[in-house]
Amino acid sequence: MRATLTLQELIEWRRVPGRTALLYLTDRCPVGCAHCSVDASGSSPRVADHMGLDHLVRELVASPDLRSVGISGGEPFVERRALTSAVGIITDAGKLVVPYTSAAWSRTVPSWIRRVLERSAAVVLSTDTFHDAGVTQRQVRVAAEAIVNAGARLIVQVVDVGESVRRAVDLVVDCFGEASSDVADVHVVPLIGVGRGADVLTVQRRHTVDQLPPCRAAASPVIAYDGRVTPCCNEALINGEGPVTLRPRIADAAELPHVVRAVTSAPLISMMRTAGPAAVASLPGFTDLAARSHRSLCDFCWQAHERSTTLTDEEERVLRAAALIAR
């Protein structure tokens, strides 16, 4: 019987360095949600080099520590050739695959999509009131039922805005009744103020360093279809913002293992993942960051990385030693 992944299992796996990764398959999405954190649209770039992408995915799944690969975008289901090929390579390598989708494809469910769902351990279905202009609730229901009927775990991901959470819970219960907890989870996530989401989330709290937790996302790298690599799921990094050291681009798929190791095991990333911002701000070269307030964990991380480019040799040695101890 094919393995499935619950939401809790997926969260726990993501916290283990090297166990999971995310394949960012396309920048394109036909839905056009106002809160989209990656600015995906129907005219955004999509896969141009399918052979190169296949090589990239093969290099990714060659890691013996890797157990699960998420596939997102954009809307990965607009990339039929790329998605079906990636899912095949990942699952043939014995890894679990978890596509992310908005259900834009579910007016009907063609046979190729059913085959993708049948090979998926779980499918993360995003739905909230921002999607309503492009995806009907009937489409969401059709997608949810198709996912469960294919044998995959359904994870309904919903932004905590308005009635979205209640509506998502009602959807799961209406579709699957008393057995809903056996086949589905609801994952409530905050609204992210990047991309088009910056126009929706206009007021953000500020935090001191001791209020910011360690970055668990830094254990699961993101690899984009065109060779962009980031150590975490920060959407602005994927879009080309932030410190260049956090978003290298590879020219050849053979570089992927080295680049992924470099960005995920860098001393500052290791400190952010294990000890957290307060510990980073206590180190020589970073202490002034402790006196500031920060919009988010990512805001602090970016400032720390910009600061790291000016460290003295001694401050660099202290950072490396602290990272080793924190591990």
# chains A, B, ... in the order shown; residues from 1 in each chain; ligands from 1
call {"tool": "residues_around", "arguments": {"residues": "Leu83 (chain A)", "least_positions_apart": "6", "cutoff": "12 Å", "atoms": "only C-alpha atoms", "output": "VMD selection string"}}
result
chain A and resid 23 to 26 46 to 47 50 53 to 54 57 70 to 73 75 to 77 89 to 90 97 to 101 112 to 113 115 to 117 119 to 120 225
call {"tool": "residues_around", "arguments": {"residues": "region 228-242 of chain A", "least_positions_apart": "6", "cutoff": "10 Å", "atoms": "only C-alpha atoms", "output": "PyMOL selection string"}}
result
chain A and resi 21-24+27+36-40+73+192-195+215-222+248-251+256+259-266+269+298-299+301-303+305-306
call {"tool": "closest_atom_pairs", "arguments": {"of": "region 108-159 of chain A", "to": "region 175-179 of chain A", "cutoff": "10 Å", "atoms": "only C-alpha atoms", "output": "CSV"}}
result
residue,atom,partner,partner_atom,distance
A:Arg141,CA,A:Cys175,CA,7.3
A:Val142,CA,A:Cys175,CA,9.5
A:Ala144,CA,A:Cys175,CA,8.0
A:Glu145,CA,A:Cys175,CA,7.1
A:Val148,CA,A:Phe176,CA,9.2
call {"tool": "closest_residue", "arguments": {"among": "A:Ser102, A:Gln139, A:Thr245, A:Thr127", "to": "Val165 (chain A)", "atoms": "only C-alpha atoms"}}
result
A:Thr127
call {"tool": "closest_residue", "arguments": {"among": "A:Ala253, A:Ala104, A:Met51, A:Val161", "to": "Gly32 (chain A)", "atoms": "only C-alpha atoms"}}
result
A:Ala104
call {"tool": "residues_around", "arguments": {"residues": "Asp160 (chain A)", "least_positions_apart": "4", "cutoff": "8 Å", "atoms": "only C-alpha atoms", "output": "ChimeraX atom specification"}}
result
/A:164-165,188-191
call {"tool": "residues_around", "arguments": {"residues": "Ala146 (chain A)", "least_positions_apart": "6", "cutoff": "9 Å", "atoms": "only C-alpha atoms", "output": "PDB file with N, CA, C and O atoms, in the first residue's frame"}}
result
ATOM      1  N   SER A 106      -9.838  21.753 -11.558  1.00  0.00           N
ATOM      2  CA  SER A 106     -10.848  20.758 -11.190  1.00  0.00           C
ATOM      3  C   SER A 106     -12.255  21.016 -11.716  1.00  0.00           C
ATOM      4  O   SER A 106     -13.224  20.491 -11.168  1.00  0.00           O
ATOM      5  N   VAL A 109     -11.638  16.497 -14.028  1.00  0.00           N
ATOM      6  CA  VAL A 109     -10.386  15.922 -13.536  1.00  0.00           C
ATOM      7  C   VAL A 109      -9.877  14.941 -14.595  1.00  0.00           C
ATOM      8  O   VAL A 109     -10.267  13.776 -14.610  1.00  0.00           O
ATOM      9  N   ARG A 114      -5.403  12.560 -12.403  1.00  0.00           N
ATOM     10  CA  ARG A 114      -5.699  11.444 -11.494  1.00  0.00           C
ATOM     11  C   ARG A 114      -4.450  10.592 -11.253  1.00  0.00           C
ATOM     12  O   ARG A 114      -4.208  10.125 -10.139  1.00  0.00           O
ATOM     13  N   LEU A 117      -2.257  12.386  -8.760  1.00  0.00           N
ATOM     14  CA  LEU A 117      -2.815  12.257  -7.420  1.00  0.00           C
ATOM     15  C   LEU A 117      -2.581  10.860  -6.861  1.00  0.00           C
ATOM     16  O   LEU A 117      -2.296  10.699  -5.665  1.00  0.00           O
TER      17      LEU A 117
END
